[in-house]
file run_29.txt (compact mmCIF, C-alpha atoms)
# COMPACT_ATOMS: atom_id res chain seq x y z
CA MET A 8 1.43 0.47 2.69
CA ILE A 9 1.19 -1.84 5.66
CA ASP A 10 3.96 -3.00 7.97
CA ALA A 11 3.57 -6.50 9.36
CA SER A 12 7.26 -7.08 10.03
CA LYS A 13 7.53 -5.79 13.62
CA ASN A 14 8.71 -8.48 15.99
CA SER A 15 8.51 -11.08 13.28
CA GLY A 16 11.32 -13.31 14.46
CA ALA A 17 14.55 -14.49 12.92
CA ASN A 18 13.01 -15.69 9.67
CA THR A 19 11.68 -12.23 8.95
CA TYR A 20 14.66 -10.12 10.00
CA ALA A 21 14.00 -6.96 8.03
CA GLN A 22 16.12 -3.96 8.97
CA ASN A 23 15.91 -2.75 5.37
CA ALA A 24 12.13 -3.09 5.10
CA ASP A 25 11.13 0.27 6.60
CA PHE A 26 13.53 2.15 4.31
CA MET A 27 12.33 0.23 1.26
CA ARG A 28 8.68 0.92 2.08
CA LEU A 29 9.49 4.62 2.48
CA VAL A 30 11.17 4.61 -0.93
CA PHE A 31 8.13 2.91 -2.47
CA ALA A 32 5.79 5.46 -0.86
CA SER A 33 7.97 8.25 -2.29
CA CYS A 34 7.72 6.62 -5.72
CA VAL A 35 3.93 6.81 -5.48
CA LEU A 36 4.16 10.53 -4.68
CA PHE A 37 6.57 10.93 -7.60
CA SER A 38 4.16 9.39 -10.10
CA HIS A 39 1.18 11.28 -8.69
CA SER A 40 3.13 14.52 -9.14
CA PHE A 41 2.87 14.12 -12.91
CA LEU A 42 -0.80 13.18 -12.84
CA ILE A 43 -1.83 16.02 -10.53
CA ALA A 44 0.40 18.74 -11.98
CA GLU A 45 -0.13 17.86 -15.66
CA ASP A 46 -3.49 15.99 -15.60
CA THR A 47 -1.73 13.06 -17.27
CA GLU A 48 1.00 10.54 -16.52
CA ALA A 49 2.24 10.52 -20.12
CA ASN A 50 5.46 12.33 -19.21
CA GLU A 51 6.28 10.13 -16.22
CA PRO A 52 9.78 8.66 -16.88
CA PHE A 53 8.74 5.01 -16.58
CA VAL A 54 5.86 5.59 -19.01
CA ARG A 55 8.14 7.37 -21.49
CA LEU A 56 10.74 4.61 -21.17
CA LEU A 57 8.59 1.47 -20.99
CA GLY A 58 5.30 2.50 -22.55
CA ALA A 59 1.73 3.23 -21.46
CA HIS A 60 0.57 1.92 -18.06
CA ASN A 61 4.15 1.33 -16.88
CA ILE A 62 3.82 3.85 -14.07
CA LEU A 63 6.50 3.86 -11.39
CA GLY A 64 3.84 4.23 -8.70
CA ILE A 65 2.12 1.04 -9.90
CA TYR A 66 5.36 -0.89 -9.57
CA ALA A 67 5.76 0.58 -6.08
CA VAL A 68 2.27 -0.61 -5.13
CA MET A 69 3.08 -4.11 -6.38
CA ALA A 70 6.31 -4.06 -4.35
CA PHE A 71 4.30 -2.98 -1.28
CA LEU A 72 1.97 -5.95 -1.75
CA ILE A 73 4.86 -8.37 -2.25
CA MET A 74 6.31 -7.27 1.10
CA SER A 75 2.87 -7.37 2.69
CA GLY A 76 2.27 -10.94 1.49
CA TYR A 77 5.63 -12.06 2.86
CA PHE A 78 5.27 -10.54 6.32
CA VAL A 79 1.57 -11.30 6.69
CA ALA A 80 2.20 -14.97 5.89
CA HIS A 81 4.68 -15.10 8.78
CA SER A 82 2.23 -13.20 10.99
CA LEU A 83 -0.55 -15.67 10.20
CA GLN A 84 1.71 -18.58 11.06
CA ARG A 85 2.55 -17.06 14.45
CA SER A 86 -1.11 -16.37 15.23
CA SER A 87 -2.01 -20.00 14.40
CA GLY A 88 -4.83 -18.80 12.17
CA SER A 89 -6.90 -17.44 15.04
CA SER A 90 -9.19 -14.44 14.80
CA ARG A 91 -6.39 -12.57 16.56
CA PHE A 92 -4.82 -12.30 13.12
CA LEU A 93 -7.82 -10.32 11.84
CA LEU A 94 -7.75 -8.05 14.88
CA ASP A 95 -4.04 -7.39 14.28
CA ARG A 96 -4.70 -6.43 10.69
CA PHE A 97 -7.65 -4.22 11.67
CA LEU A 98 -5.55 -2.32 14.21
CA ARG A 99 -2.79 -1.82 11.66
CA ILE A 100 -5.02 -0.44 8.92
CA TYR A 101 -8.09 1.24 10.33
CA PRO A 102 -6.91 3.68 13.05
CA GLY A 103 -4.59 5.52 10.65
CA LEU A 104 -7.12 5.30 7.83
CA LEU A 105 -9.99 6.65 9.95
CA VAL A 106 -8.01 9.61 11.27
CA SER A 107 -6.75 10.49 7.78
CA MET A 108 -10.31 10.46 6.40
CA ILE A 109 -11.56 12.67 9.24
CA ILE A 110 -8.73 15.15 8.64
CA CYS A 111 -9.38 15.20 4.89
CA ALA A 112 -13.18 15.42 5.13
CA LEU A 113 -13.60 17.75 8.12
CA LEU A 114 -10.42 19.84 8.30
CA LEU A 115 -9.19 20.09 4.71
CA ALA A 116 -12.24 19.74 2.46
CA PRO A 117 -14.26 22.64 3.97
CA PHE A 118 -11.72 25.12 2.58
CA PHE A 119 -12.38 23.85 -0.95
CA SER A 120 -16.16 23.59 -0.79
CA HIS A 121 -18.27 26.07 -2.73
CA LEU A 122 -20.74 25.95 0.16
CA GLY A 123 -18.34 27.85 2.39
CA ILE A 124 -16.74 26.51 5.56
CA ALA A 125 -19.67 27.06 7.93
CA ALA A 126 -22.32 25.63 5.62
CA TYR A 127 -20.12 22.66 4.78
CA LEU A 128 -19.57 21.81 8.43
CA ARG A 129 -23.31 22.09 9.13
CA SER A 130 -24.00 19.58 6.38
CA ASN A 131 -23.39 15.86 6.67
CA VAL A 132 -21.39 15.37 3.49
CA GLY A 133 -18.05 15.16 5.29
CA TRP A 134 -19.26 12.62 7.83
CA SER A 135 -20.92 10.61 5.05
CA PHE A 136 -17.58 10.44 3.24
CA VAL A 137 -15.88 9.21 6.42
CA GLY A 138 -18.57 6.67 7.28
CA LEU A 139 -18.89 5.17 3.82
CA ASN A 140 -15.13 4.83 3.38
CA PHE A 141 -14.72 3.35 6.84
CA LEU A 142 -17.28 0.65 6.07
CA LEU A 143 -15.96 0.11 2.56
CA PRO A 144 -12.65 1.88 1.85
CA ASN A 145 -12.53 3.83 -1.40
CA SER A 146 -16.26 3.37 -2.02
CA VAL A 147 -16.52 7.16 -2.35
CA SER A 148 -13.68 9.21 -3.83
CA SER A 149 -15.18 12.70 -3.81
CA ILE A 150 -17.34 14.87 -1.57
CA PRO A 151 -20.27 16.86 -2.97
CA SER A 152 -19.41 20.57 -3.32
CA VAL A 153 -15.66 19.97 -2.89
CA GLN A 154 -13.34 20.84 -5.79
CA PHE A 155 -9.65 21.39 -5.12
CA TYR A 156 -9.02 23.05 -8.48
CA GLY A 157 -10.75 23.56 -11.79
CA THR A 158 -14.50 23.63 -12.03
CA THR A 159 -15.69 20.21 -13.14
CA GLU A 160 -12.48 18.25 -13.74
CA TRP A 161 -12.74 14.78 -12.19
CA LEU A 162 -9.17 14.85 -10.94
CA GLY A 163 -9.67 18.04 -8.95
CA ALA A 164 -12.58 16.50 -7.04
CA ILE A 165 -10.78 13.38 -5.79
CA VAL A 166 -10.06 13.69 -2.08
CA ASN A 167 -7.63 10.78 -1.79
CA GLY A 168 -6.79 8.85 -4.93
CA SER A 169 -4.41 6.51 -3.11
CA LEU A 170 -7.10 4.62 -1.23
CA TRP A 171 -7.94 2.32 -4.15
CA THR A 172 -5.39 -0.23 -2.94
CA ILE A 173 -6.77 -0.50 0.62
CA PRO A 174 -9.79 -2.73 -0.20
CA VAL A 175 -7.50 -4.94 -2.28
CA GLU A 176 -5.10 -5.39 0.63
CA ILE A 177 -7.93 -6.09 3.08
CA SER A 178 -9.32 -8.69 0.68
CA CYS A 179 -5.89 -10.32 0.43
CA TYR A 180 -5.79 -10.60 4.23
CA LEU A 181 -9.24 -12.17 4.34
CA LEU A 182 -8.40 -14.55 1.52
CA ILE A 183 -5.19 -15.84 3.09
CA PHE A 184 -6.96 -16.18 6.46
CA LEU A 185 -9.70 -18.24 4.79
CA LEU A 186 -7.09 -20.46 3.16
CA TYR A 187 -5.47 -21.05 6.53
CA ARG A 188 -8.73 -21.96 8.23
CA LEU A 189 -9.58 -24.35 5.37
CA ARG A 190 -6.14 -25.97 5.79
CA LEU A 191 -5.18 -24.93 2.26
CA MET A 192 -2.42 -22.57 3.38
CA SER A 193 0.54 -24.24 1.71
CA ALA A 194 2.88 -23.53 -1.14
CA VAL A 195 0.79 -25.82 -3.35
CA GLY A 196 -2.45 -24.09 -2.29
CA ILE A 197 -0.97 -20.65 -3.04
CA LEU A 198 0.31 -21.85 -6.42
CA VAL A 199 -3.13 -23.19 -7.32
CA LEU A 200 -4.76 -19.89 -6.34
CA LEU A 201 -2.13 -17.98 -8.29
CA GLY A 202 -2.80 -20.15 -11.33
CA LEU A 203 -6.55 -19.57 -11.08
CA THR A 204 -5.98 -15.83 -10.77
CA LEU A 205 -3.85 -15.79 -13.90
CA ALA A 206 -6.34 -17.98 -15.77
CA PHE A 207 -9.21 -15.60 -15.05
CA GLN A 208 -7.13 -12.42 -15.27
CA THR A 209 -7.39 -12.04 -19.05
CA GLN A 210 -11.12 -12.73 -19.04
CA ILE A 211 -11.72 -10.16 -16.31
CA PHE A 212 -9.81 -7.47 -18.20
CA VAL A 213 -11.38 -8.34 -21.55
CA HIS A 214 -14.94 -8.39 -20.21
CA ALA A 215 -14.39 -5.32 -18.02
CA GLY A 216 -15.43 -6.46 -14.58
CA THR A 217 -16.00 -3.99 -11.77
CA LYS A 218 -13.04 -1.81 -10.85
CA PHE A 219 -12.50 -3.68 -7.60
CA ILE A 220 -12.45 -7.07 -9.36
CA SER A 221 -10.04 -5.74 -11.99
CA ASP A 222 -7.79 -4.23 -9.32
CA MET A 223 -7.89 -7.46 -7.34
CA ALA A 224 -7.04 -9.59 -10.38
CA PHE A 225 -4.15 -7.30 -11.20
CA LEU A 226 -2.64 -6.99 -7.70
CA LEU A 227 -3.39 -10.36 -6.10
CA PRO A 228 -0.42 -12.06 -7.85
CA SER A 229 1.96 -9.62 -6.13
CA PHE A 230 0.60 -10.51 -2.70
CA LEU A 231 0.63 -14.26 -3.46
CA CYS A 232 4.20 -14.12 -4.76
CA GLY A 233 5.22 -12.52 -1.48
CA VAL A 234 3.52 -15.37 0.37
CA LEU A 235 5.36 -17.92 -1.76
CA VAL A 236 8.72 -16.32 -0.94
CA ALA A 237 7.73 -16.53 2.74
CA PHE A 238 7.25 -20.30 2.35
CA LEU A 239 10.64 -20.56 0.65
CA SER A 240 12.33 -18.54 3.40
CA ARG A 241 11.12 -20.98 6.05
CA ARG A 242 12.98 -23.84 4.40
CA PHE A 243 15.88 -22.15 2.65
CA GLU A 244 17.95 -19.04 3.16
CA LEU A 245 17.22 -16.58 0.36
CA ASP A 246 20.09 -16.78 -2.12
CA PRO A 247 21.80 -13.61 -3.41
CA LEU A 248 22.77 -15.18 -6.75
CA PHE A 249 19.23 -16.29 -7.50
CA ALA A 250 17.95 -12.86 -6.41
CA SER A 251 20.45 -11.19 -8.74
CA ALA A 252 19.46 -13.44 -11.65
CA LEU A 253 15.79 -12.57 -11.20
CA ALA A 254 16.64 -8.86 -10.95
CA VAL A 255 18.45 -9.15 -14.29
CA LEU A 256 15.38 -10.88 -15.70
CA CYS A 257 13.27 -7.88 -14.58
CA VAL A 258 15.59 -5.57 -16.50
CA MET A 259 15.38 -7.77 -19.60
CA MET A 260 11.59 -7.90 -19.43
CA ALA A 261 11.54 -4.10 -19.13
CA MET A 262 13.74 -3.79 -22.22
CA TYR A 263 11.31 -5.91 -24.21
CA GLY A 264 8.23 -4.13 -22.87
CA ASN A 265 6.83 -7.11 -20.96
CA LEU A 266 7.56 -6.15 -17.36
CA LEU A 267 4.18 -5.05 -16.01
CA PHE A 268 2.45 -8.42 -15.66
CA ILE A 269 5.61 -10.46 -15.10
CA PHE A 270 6.92 -8.12 -12.39
CA PRO A 271 5.55 -9.96 -9.31
CA PHE A 272 7.07 -13.25 -10.46
CA CYS A 273 10.57 -11.97 -11.14
CA ALA A 274 10.71 -9.20 -8.51
CA ALA A 275 9.25 -10.81 -5.37
CA TYR A 276 12.35 -12.86 -4.55
CA PRO A 277 14.88 -10.00 -5.07
CA ILE A 278 12.72 -7.54 -3.13
CA MET A 279 12.41 -9.83 -0.14
CA TYR A 280 16.07 -10.80 -0.29
CA LEU A 281 17.02 -7.12 -0.10
CA ALA A 282 14.48 -6.48 2.67
CA THR A 283 15.66 -9.36 4.86
CA THR A 284 19.36 -9.83 4.12
CA ARG A 285 22.00 -9.01 6.69
CA ALA A 286 24.64 -8.70 3.96
CA ILE A 287 23.36 -5.36 2.62
CA ARG A 288 22.64 -2.52 5.00
CA LEU A 289 20.35 0.18 3.67
CA PRO A 290 19.85 3.37 5.72
CA ASP A 291 18.27 2.50 9.05
CA VAL A 292 15.12 4.61 9.43
CA ARG A 293 13.63 2.50 12.21
CA PRO A 294 14.24 5.20 14.86
CA LEU A 295 11.82 7.42 12.90
CA GLY A 296 9.18 4.71 12.82
CA ASP A 297 7.38 3.31 9.79
CA LEU A 298 6.41 6.42 7.83
CA SER A 299 5.31 4.62 4.67
CA TYR A 300 1.64 4.11 5.54
CA GLY A 301 1.22 7.71 6.68
CA ALA A 302 2.97 8.94 3.53
CA TYR A 303 0.61 6.79 1.49
CA LEU A 304 -2.47 8.09 3.29
CA TYR A 305 -1.60 11.79 3.21
CA GLY A 306 0.46 12.16 0.03
CA TRP A 307 -2.46 12.64 -2.36
CA PRO A 308 -4.42 15.17 -0.24
CA VAL A 309 -1.23 17.17 0.29
CA GLN A 310 -0.53 17.19 -3.44
CA GLN A 311 -4.09 18.22 -4.26
CA THR A 312 -3.78 21.09 -1.81
CA VAL A 313 -0.41 22.22 -3.19
CA ARG A 314 -1.74 22.31 -6.74
CA ALA A 315 -4.83 24.21 -5.59
CA LEU A 316 -2.72 26.83 -3.81
CA TRP A 317 -0.03 26.98 -6.50
CA PRO A 318 -1.63 27.21 -9.97
CA GLY A 319 0.77 26.14 -12.68
CA VAL A 320 3.05 24.21 -10.32
CA ALA A 321 5.51 21.97 -12.21
CA TRP A 322 5.68 18.27 -11.42
CA TYR A 323 9.13 18.53 -9.82
CA GLU A 324 8.03 21.46 -7.66
CA LEU A 325 4.93 19.56 -6.63
CA PHE A 326 6.97 16.47 -5.77
CA ALA A 327 9.55 18.37 -3.71
CA VAL A 328 7.01 20.42 -1.74
CA SER A 329 4.55 17.56 -1.18
CA LEU A 330 7.30 15.19 -0.01
CA ALA A 331 8.61 17.82 2.42
CA VAL A 332 5.10 18.36 3.81
CA THR A 333 3.93 14.74 3.77
CA LEU A 334 6.81 13.15 5.67
CA PRO A 335 6.32 15.21 8.87
CA ILE A 336 2.58 14.44 8.72
CA ALA A 337 3.42 10.76 8.27
CA TRP A 338 5.69 10.94 11.33
CA LEU A 339 2.85 12.45 13.38
CA SER A 340 0.49 9.74 12.11
CA TRP A 341 2.97 7.10 13.21
CA ARG A 342 3.66 8.57 16.65
CA LEU A 343 0.12 9.61 17.53
CA ILE A 344 -2.04 6.99 15.81
CA GLU A 345 -0.31 3.99 14.30
CA GLU A 346 2.29 3.24 16.98
CA PRO A 347 -0.25 3.49 19.84
CA ALA A 348 -2.50 1.11 17.88
CA LEU A 349 0.39 -1.33 17.59
CA ARG A 350 1.02 -1.08 21.34
CA LEU A 351 -2.66 -1.84 21.91
CA LYS A 352 -2.31 -4.81 19.58
CA LYS A 353 0.62 -6.14 21.61
CA ARG A 354 -1.29 -5.71 24.89
CA LEU A 355 -4.30 -7.52 23.48
CA ASN A 356 -2.10 -10.30 22.17
CA THR A 357 -0.48 -10.66 25.60
CA SER A 358 -3.91 -10.87 27.22
CA TRP A 359 -4.98 -13.33 24.54
CA ARG A 360 -2.02 -15.62 25.25
CA SER A 361 -2.60 -15.39 29.01
CA ALA A 362 -6.27 -16.29 28.63
CA ASN A 363 -5.41 -19.30 26.50
CA ALA A 364 -2.40 -20.47 28.53
call {"tool": "encode", "arguments": {"input": "run_29.txt", "output": "structure tokens"}}
result
Amino acid sequence: MIDASKNSGANTYAQNADFMRLVFASCVLFSHSFLIAEDTEANEPFVRLLGAHNILGIYAVMAFLIMSGYFVAHSLQRSSGSSRFLLDRFLRIYPGLLVSMIICALLLAPFFSHLGIAAYLRSNVGWSFVGLNFLLPNSVSSIPSVQFYGTTEWLGAIVNGSLWTIPVEISCYLLIFLLYRLRLMSAVGILVLLGLTLAFQTQIFVHAGTKFISDMAFLLPSFLCGVLVAFLSRRFELDPLFASALAVLCVMMAMYGNLLFIFPFCAAYPIMYLATTRAIRLPDVRPLGDLSYGAYLYGWPVQQTVRALWPGVAWYELFAVSLAVTLPIAWLSWRLIEEPALRLKKRLNTSWRSANA
């Protein structure tokens, strides 16, 4: 979802990271293809192989957060815990998010509103969707009068079902920043927080807390495990044998049907070893830019539109077409929105250092 690895220094060398994030974003589109085309994820290969809830896209989201925790921990260390860190995170998330919401609400949604294009644009429902989700991402998932397909089906009304992870990631940033300012940002502090999360996790799920609290309890361990690997990488070079052993453990846990909740603990180290090692060279997509966030933002709306325009589309057709359409849009998002925001971030950081020199 979010790339914090740019210019991260020797300890966060990550030529493979952009390619891995792009693969994870494609996995999310893959899983959503089943949900959107068939109204269920029951036939998704990971679900059929590993059981209910074992959705490939969920594992991809956890992998995203592992990488985010790793790189953000290094970013926080470089920023010395100043409010500059929060500004950096804001500029990485919100410009792309805001533009994607405007495009979805004001350029795409009018064509699927029963009000008609002109009446929709005269109303304030699109701007309300943008404003509410800018203040609190994913607080509103649908727009009154907008239905991509069907008549009353909940799935056909969702404008962007991928945004549910954004408030979780923002909360992770704020939490780690708070730990740093309280001087609790250490391996021990992260382990304590991880233990507390696991202790309350079962109670939260059993007593059905709010969706955000449940999502946070489920995904926070992935982010924290990424942070822990970052602490390890500062003292020790990540070891390929240990990474391989943990990868084998992931496979074993999958075979016994226990992978979902153990995944962050056995996968964080191998994922970050692969992302940062110089021994394995994955395809270098850096010249294209980081397309993963744009693919994440636009994948769902593209897939909703394809299903609306192609009744009866099969999951594999939906995946192929949506991937082919989403990646160019993601490239435009990177070149026109995200990369300029990163350049602004660098200029502000330079000014910040000069002012405090």
call {"tool": "closest_atom_pairs", "arguments": {"input": "run_29.txt", "of": "range 56-147 of chain A", "to": "range 288-306 of chain A", "cutoff": "9 Å", "atoms": "all atoms listed in the file", "output": "JSON lines"}}
result
{"residue": "A:Ile100", "atom": "CA", "partner": "A:Tyr300", "partner_atom": "CA", "distance": 8.7}
{"residue": "A:Gly103", "atom": "CA", "partner": "A:Gly301", "partner_atom": "CA", "distance": 7.4}
{"residue": "A:Leu104", "atom": "CA", "partner": "A:Leu304", "partner_atom": "CA", "distance": 7.1}
{"residue": "A:Ser107", "atom": "CA", "partner": "A:Leu304", "partner_atom": "CA", "distance": 6.7}
{"residue": "A:Met108", "atom": "CA", "partner": "A:Leu304", "partner_atom": "CA", "distance": 8.8}
{"residue": "A:Cys111", "atom": "CA", "partner": "A:Tyr305", "partner_atom": "CA", "distance": 8.7}
call {"tool": "residues_around", "arguments": {"input": "run_29.txt", "residues": "Leu248 in chain A", "least_positions_apart": "4", "cutoff": "12 Å", "atoms": "all atoms listed in the file", "output": "ChimeraX atom specification"}}
result
/A:244,252-255,276-277,280-281
call {"tool": "atom_distance", "arguments": {"input": "run_29.txt", "atom1": "CA of Ala327 in chain A", "atom2": "CA of Phe31 in chain A"}}
result
15.6 Å
call {"tool": "atom_distance", "arguments": {"input": "run_29.txt", "atom1": "CA of Ser152 in chain A", "atom2": "CA of Ala126 in chain A"}}
result
10.7 Å
call {"tool": "atom_distance", "arguments": {"input": "run_29.txt", "atom1": "CA of Ala21 in chain A", "atom2": "CA of Thr284 in chain A"}}
result
7.2 Å
call {"tool": "closest_residue", "arguments": {"input": "run_29.txt", "among": "A:Glu345, A:Ala261, A:Tyr323, A:Arg350", "to": "Glu51 in chain A", "atoms": "all atoms listed in the file"}}
result
A:Tyr323
call {"tool": "decode", "arguments": {"input": "run_29.txt", "residues": "range 22-53 of chain A", "atoms": "C-alpha atoms", "output": "PDB file, in the first residue's frame"}}
result
ATOM      1  CA  GLN A  22      15.557  -3.081  -4.805  1.00  0.00           C
ATOM      2  CA  ASN A  23      13.056  -5.939  -4.627  1.00  0.00           C
ATOM      3  CA  ALA A  24      10.495  -4.036  -2.557  1.00  0.00           C
ATOM      4  CA  ASP A  25       8.679  -2.233  -5.384  1.00  0.00           C
ATOM      5  CA  PHE A  26       8.235  -5.471  -7.343  1.00  0.00           C
ATOM      6  CA  MET A  27       7.007  -7.315  -4.255  1.00  0.00           C
ATOM      7  CA  ARG A  28       4.491  -4.585  -3.450  1.00  0.00           C
ATOM      8  CA  LEU A  29       3.234  -4.707  -7.039  1.00  0.00           C
ATOM      9  CA  VAL A  30       2.779  -8.473  -6.742  1.00  0.00           C
ATOM     10  CA  PHE A  31       0.875  -8.039  -3.477  1.00  0.00           C
ATOM     11  CA  ALA A  32      -1.377  -5.387  -5.059  1.00  0.00           C
ATOM     12  CA  SER A  33      -2.058  -7.790  -7.941  1.00  0.00           C
ATOM     13  CA  CYS A  34      -2.967 -10.485  -5.416  1.00  0.00           C
ATOM     14  CA  VAL A  35      -5.581  -8.150  -3.940  1.00  0.00           C
ATOM     15  CA  LEU A  36      -7.066  -7.619  -7.410  1.00  0.00           C
ATOM     16  CA  PHE A  37      -6.990 -11.387  -7.940  1.00  0.00           C
ATOM     17  CA  SER A  38      -9.009 -12.096  -4.798  1.00  0.00           C
ATOM     18  CA  HIS A  39     -11.436  -9.251  -5.470  1.00  0.00           C
ATOM     19  CA  SER A  40     -12.064 -10.721  -8.930  1.00  0.00           C
ATOM     20  CA  PHE A  41     -13.806 -13.691  -7.331  1.00  0.00           C
ATOM     21  CA  LEU A  42     -15.808 -11.564  -4.910  1.00  0.00           C
ATOM     22  CA  ILE A  43     -16.971  -9.077  -7.538  1.00  0.00           C
ATOM     23  CA  ALA A  44     -17.589 -11.527 -10.382  1.00  0.00           C
ATOM     24  CA  GLU A  45     -19.220 -14.270  -8.278  1.00  0.00           C
ATOM     25  CA  ASP A  46     -20.499 -12.331  -5.208  1.00  0.00           C
ATOM     26  CA  THR A  47     -18.479 -14.700  -3.032  1.00  0.00           C
ATOM     27  CA  GLU A  48     -14.860 -15.631  -2.378  1.00  0.00           C
ATOM     28  CA  ALA A  49     -15.688 -19.301  -1.815  1.00  0.00           C
ATOM     29  CA  ASN A  50     -14.011 -20.358  -5.067  1.00  0.00           C
ATOM     30  CA  GLU A  51     -10.833 -18.351  -4.505  1.00  0.00           C
ATOM     31  CA  PRO A  52      -7.923 -20.861  -4.642  1.00  0.00           C
ATOM     32  CA  PHE A  53      -6.519 -20.036  -1.201  1.00  0.00           C
TER      33      PHE A  53
END
